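Written below as structure tokens is the structure these notes are about.
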Amino acid sequence: MPKATVIVADELCKGVEDCGLCVEVCPENVFAAAETGNARGYVPSAVADAAACTGCEACMRICPDFAVIVEQDKQSKEAKHA
């Protein structure tokens, strides 16, 4: 069971080639380039391996466009606050 859910807002993302910070910073290789571009002409990041996400939130913290959201699962949230 993944520890978190990762969401990429395609239309906010500047793409893997023009930014790619989430791809570079992810220790678990969760991200890859999407198969199609967005309306702004970028090829955004996509979640390629959701099960590999550990919920570290490095991708969300480094994204300059707030295009990545990491939602911790309930058990992970409870463990952090215990």
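Ordering of the structure tokens sets the chain letters (A, B, ...); residue numbers start at 1 within each chain; ligands are numbered from 1 in the order shown.
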Item to complete: Compile the contact shell of Cys26 in chain A as a count of residues only: residues with an atom at most 9 Å away, counting only C-alpha atoms, same-chain residues fewer than 5 positions apart removed.
Response: 7
Fill in: Members of chain A assigned strand (DSSP E) by DSSP, as a ChimeraX atom specification
/A:4-8,31-33,45-47,68-72
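Residues surrounding Val8 in chain A within 9 Å are Val6, Asp10, Glu11, Leu12, Cys13, Pro44, Ser45, Ala46, Val47, Ala67, Val68, Ile69 and Val70 of chain A [only C-alpha atoms; sequence separation below 2 positions excluded].
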Worksheet item: Using only C-alpha atoms, which of A:Ala50, A:Ile62, A:Ala34, A:Ala39 sits nearest Glu17 in chain A?
Response: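 Between A:Ala50, A:Ile62, A:Ala34, A:Ala39, the residue approaching Glu17 in chain A most closely is A:Ala34.
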Fill in: Straight-line distance linking CA of Glu71 in chain A with CA of Glu28 in chain A, stated in Å to one decimal
16.3 Å
Item to complete: Would you please give, as a ChimeraX atom specification, all residues of chain A that DSSP assigns to helix (DSSP H, G or I) based on the backbone?
Response: /A:21-25,50-52,58-62,74-81
